[in-house]
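Asks: Dropping the structure in here first, questions after.
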Amino acid sequence: MRLARKFTLALVLLAVAVIAGLQVIQVRRELERSALDMQHDHRLLGHTLAGTIGKAWQLAGEREALTLLNQSNNYQEQVHLRWVWLDGGPGTPSLIGFPPRLLATLRQGQDGSMVDPTPEPGLLHSYTPVRIGPRFGAIEITESLGEERQHVFVTVVGTIVATGTITFAFFIAAMAMGRRLVGEPVDELVQLANRFGQGDLTARVRLPTQRRGDEITTLADAMNRMGEQLEETRSRLSAETVARLSAVEHLRHADRLTTVGKLASGVAHELGTPLNVVMGRSKMISSGEAEGEEVGECARIISQQAQHMTGIIRQLLDFARRRAPHRAPEDVRELVDRSLSLLRPMASKKSITLVDDVPPGVMLEADGGQVQQVLTNLVMNALQAMNKPGTVRILATRTRATPPTDVGGAESSYVRVDVEDEGGGIPADVLGHVFEPFFTTKDVGEGTGLGLSVSYGLIRDHGGWIAVRSELGRGSCFSIYLPSGGDTCQAAS
């Protein structure tokens, strides 16, 4: 409504200025017309009396003529008549203060007038020249300007009242039309913009059909089209986002299955010993070699080894199973233990020792399966990077850190999990590309270049990041930073 008020106020001020200007011109014209009418009346009266006084002067003499002029004052209430000599001869009144130009005009036989403002409200003196023999005189007609001033006052007051009335009526009409034509449509457009800002892209504004073609309707149509385009774009982006998330999830599951394939040989070796025990004990029972209490002991050992194999297979299946992401409090120590239990057979085949140094009570609010997938990838990469016996260490601690620029944020509390190996290290020209998709330095068939990329994406979804440092000939260290406890950041889109 502020725009409508400003628009209305501007129109009212413009109208007042125009009306006031016209009224001022009208008052001036009225004043000029009144003055001209007064001078015209004086001129008619003067010329009428001039003829009469001239004849009386010739027939009866000066005394009778002046007496006749003085008697005329008895019949004139608004004007006063007087005879004045203009030639400076006997009987001539003092001409001090008399305008020289007016005196010259009268001596030339032309009518003249002047205004004397000294007595309020002022006097109008009109002169009609009369030649009496060789001398010049004039009939002076004096009239007060009081009635003229009163007429001016009435005219001005009437003009002010009329101007005020017209202005008020115009203001009311302009306010009503401004609200209808500008205020209400603008309010609807503001509400439409607010609904767009709140995410309601189905909102539309409908203006009356008779307004078609004006600027506000054009703006409304443009905003409606913008809402339709935004809605279409959001629907398209939503579909693309769903497809992208589905592809990312398939990619992560494929990476998990790839890891399962790499773990299979170690798991097969891990299952070999209990299977041999089961086969041996079952042969003892079937051949009758075990008798009496030995049969029960063999059955107990077979059951124990079967449970051991079931646990190994369940761990592998749990790791490979596709499941919906679920955040919950997780103990970092348990996550590390579950990850290392799957990797110990692979490590033992390469004579590599897995060492974990994780204090108890370090908690995360995270998806345990996803964090275990990341740990498994990093430890498996560490094992593959070591071509000779050595040690892979997994350490965890609480720390305060500032996220890198691509993550953003202020310094905060994080849980840091380090995976250190004793391999050959990563060259400096390769180190900056290790998290890029499909980037790998392994031989064909040994890696897809997705493991570290998928791992980094999983940690970023948890509000953290992975840092890496490496030294040629001495090994590498991958550090996982995850928000600690209940301060876990919301997952990124």
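Just so we're on the same page: first chain in the structure tokens is A, next is B, and so on; residues restart at 1 for each chain, and ligands are numbered from 1 in the order they show up.
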Within 7 Å of Phe435 in chain A, counting only C-alpha atoms, which residues qualify if same-chain residues fewer than 3 places away don't, as a PDB file with N, CA and C atoms, in the first residue's frame?

Replies:
```
ATOM      1  N   LEU A 452      38.236 -45.079  -3.364  1.00  0.00           N
ATOM      2  CA  LEU A 452      38.469 -43.874  -2.572  1.00  0.00           C
ATOM      3  C   LEU A 452      37.432 -42.798  -2.875  1.00  0.00           C
ATOM      4  N   SER A 453      36.972 -42.703  -4.123  1.00  0.00           N
ATOM      5  CA  SER A 453      35.957 -41.714  -4.475  1.00  0.00           C
ATOM      6  C   SER A 453      34.653 -41.989  -3.735  1.00  0.00           C
ATOM      7  N   TYR A 456      35.121 -41.231  -0.016  1.00  0.00           N
ATOM      8  CA  TYR A 456      35.089 -39.799   0.284  1.00  0.00           C
ATOM      9  C   TYR A 456      33.645 -39.280   0.256  1.00  0.00           C
TER      10      TYR A 456
END
```

Asks: Write down as number ranges by chain the residues of range 78-233 of chain A whose backbone DSSP state falls under helix (DSSP H, G or I).

Replies: A: 100-107, 146-197, 209-211, 215-233

Asks: Using C-alpha atoms, can you export the residues from the last selection as a tab-separated table (two decimals), in the first residue's frame?

Replies:
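Final output, saved to out_6.tsv:
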```
chain	number	residue	atom	x	y	z
A	100	PRO	CA	4.19	64.01	-13.11
A	101	ARG	CA	3.28	61.47	-15.77
A	102	LEU	CA	-0.40	61.59	-14.75
A	103	LEU	CA	-0.32	65.41	-14.73
A	104	ALA	CA	1.19	65.48	-18.23
A	105	THR	CA	-1.48	63.03	-19.45
A	106	LEU	CA	-4.30	65.16	-18.05
A	107	ARG	CA	-2.88	68.36	-19.55
A	146	GLY	CA	-12.84	48.90	0.65
A	147	GLU	CA	-15.59	47.26	-1.35
A	148	GLU	CA	-13.04	46.07	-3.87
A	149	ARG	CA	-10.90	44.60	-1.06
A	150	GLN	CA	-14.00	42.95	0.41
A	151	HIS	CA	-14.81	41.52	-2.98
A	152	VAL	CA	-11.25	40.23	-3.26
A	153	PHE	CA	-11.43	38.65	0.19
A	154	VAL	CA	-14.71	36.90	-0.61
A	155	THR	CA	-13.30	35.72	-3.91
A	156	VAL	CA	-10.11	34.35	-2.29
A	157	VAL	CA	-12.02	32.60	0.52
A	158	GLY	CA	-14.39	31.07	-1.98
A	159	THR	CA	-11.49	29.96	-4.10
A	160	ILE	CA	-9.74	28.35	-1.11
A	161	VAL	CA	-12.91	26.54	-0.05
A	162	ALA	CA	-13.55	25.33	-3.58
A	163	THR	CA	-9.94	24.23	-3.97
A	164	GLY	CA	-10.02	22.39	-0.63
A	165	THR	CA	-13.29	20.66	-1.49
A	166	ILE	CA	-12.05	19.60	-4.90
A	167	THR	CA	-8.73	18.45	-3.40
A	168	PHE	CA	-10.44	16.36	-0.70
A	169	ALA	CA	-12.79	14.77	-3.22
A	170	PHE	CA	-9.91	14.07	-5.57
A	171	PHE	CA	-7.86	12.62	-2.69
A	172	ILE	CA	-10.64	10.22	-1.68
A	173	ALA	CA	-11.19	9.16	-5.29
A	174	ALA	CA	-7.45	8.79	-5.91
A	175	MET	CA	-6.99	6.72	-2.74
A	176	ALA	CA	-9.84	4.40	-3.71
A	177	MET	CA	-8.60	4.02	-7.28
A	178	GLY	CA	-4.97	3.75	-6.15
A	179	ARG	CA	-5.82	0.92	-3.78
A	180	ARG	CA	-7.91	-0.85	-6.38
A	181	LEU	CA	-5.61	-0.33	-9.36
A	182	VAL	CA	-2.20	-0.46	-7.62
A	183	GLY	CA	-2.36	-1.40	-3.93
A	184	GLU	CA	-4.39	-4.61	-4.11
A	185	PRO	CA	-2.60	-6.03	-7.19
A	186	VAL	CA	0.80	-5.27	-5.65
A	187	ASP	CA	-0.25	-6.97	-2.39
A	188	GLU	CA	-1.24	-10.06	-4.39
A	189	LEU	CA	2.12	-10.03	-6.18
A	190	VAL	CA	3.96	-9.72	-2.83
A	191	GLN	CA	1.99	-12.66	-1.42
A	192	LEU	CA	2.80	-14.65	-4.56
A	193	ALA	CA	6.52	-13.89	-4.16
A	194	ASN	CA	6.36	-14.93	-0.48
A	195	ARG	CA	4.71	-18.23	-1.40
A	196	PHE	CA	7.40	-18.82	-4.02
A	197	GLY	CA	10.01	-18.14	-1.34
A	209	THR	CA	-9.70	-9.61	-17.18
A	210	GLN	CA	-10.55	-5.92	-17.63
A	211	ARG	CA	-7.03	-5.07	-16.42
A	215	GLU	CA	1.98	-3.03	-16.57
A	216	ILE	CA	0.88	-4.74	-13.34
A	217	THR	CA	-0.99	-7.44	-15.28
A	218	THR	CA	2.09	-7.94	-17.45
A	219	LEU	CA	4.18	-8.35	-14.28
A	220	ALA	CA	1.65	-10.80	-12.84
A	221	ASP	CA	1.71	-12.88	-16.04
A	222	ALA	CA	5.52	-12.88	-15.96
A	223	MET	CA	5.54	-14.06	-12.32
A	224	ASN	CA	2.99	-16.78	-13.12
A	225	ARG	CA	5.18	-17.97	-15.99
A	226	MET	CA	8.20	-17.87	-13.68
A	227	GLY	CA	6.32	-20.06	-11.18
A	228	GLU	CA	5.45	-22.56	-13.92
A	229	GLN	CA	9.05	-22.64	-15.13
A	230	LEU	CA	10.38	-23.02	-11.57
A	231	GLU	CA	7.92	-25.82	-10.91
A	232	GLU	CA	8.98	-27.60	-14.10
A	233	THR	CA	12.64	-27.09	-13.23
```

Asks: So the first atom is CA of Glu471 in chain A and the second is CA of Thr397 in chain A; what is the distance between them in Å, to one decimal place?

Replies: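 Interatomic distance, CA of Glu471 in chain A to CA of Thr397 in chain A: 22.4 Å.
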
Asks: Which of these, A:Thr128, A:Thr48, A:Gln58, A:Thr8, has the shortest distance to Arg82 in chain A once you count only C-alpha atoms?

Replies: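 Checking each candidate against Arg82 in chain A, we get A:Thr128 as the closest.
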
Asks: I want to know what sits within 8 Å of Asn377 in chain A, based on only C-alpha atoms, with residues of the same chain fewer than 2 positions away left out; could you give that as a PyMOL selection string?

Replies: chain A and resi 259+373-375+379-381+451-452+455

Asks: Could you tell me how far CA of Gly424 in chain A lies from CA of Ser470 in chain A, in Å and to one decimal?

Replies: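 Atom-to-atom, CA of Gly424 in chain A and CA of Ser470 in chain A are spaced 9.1 Å apart.
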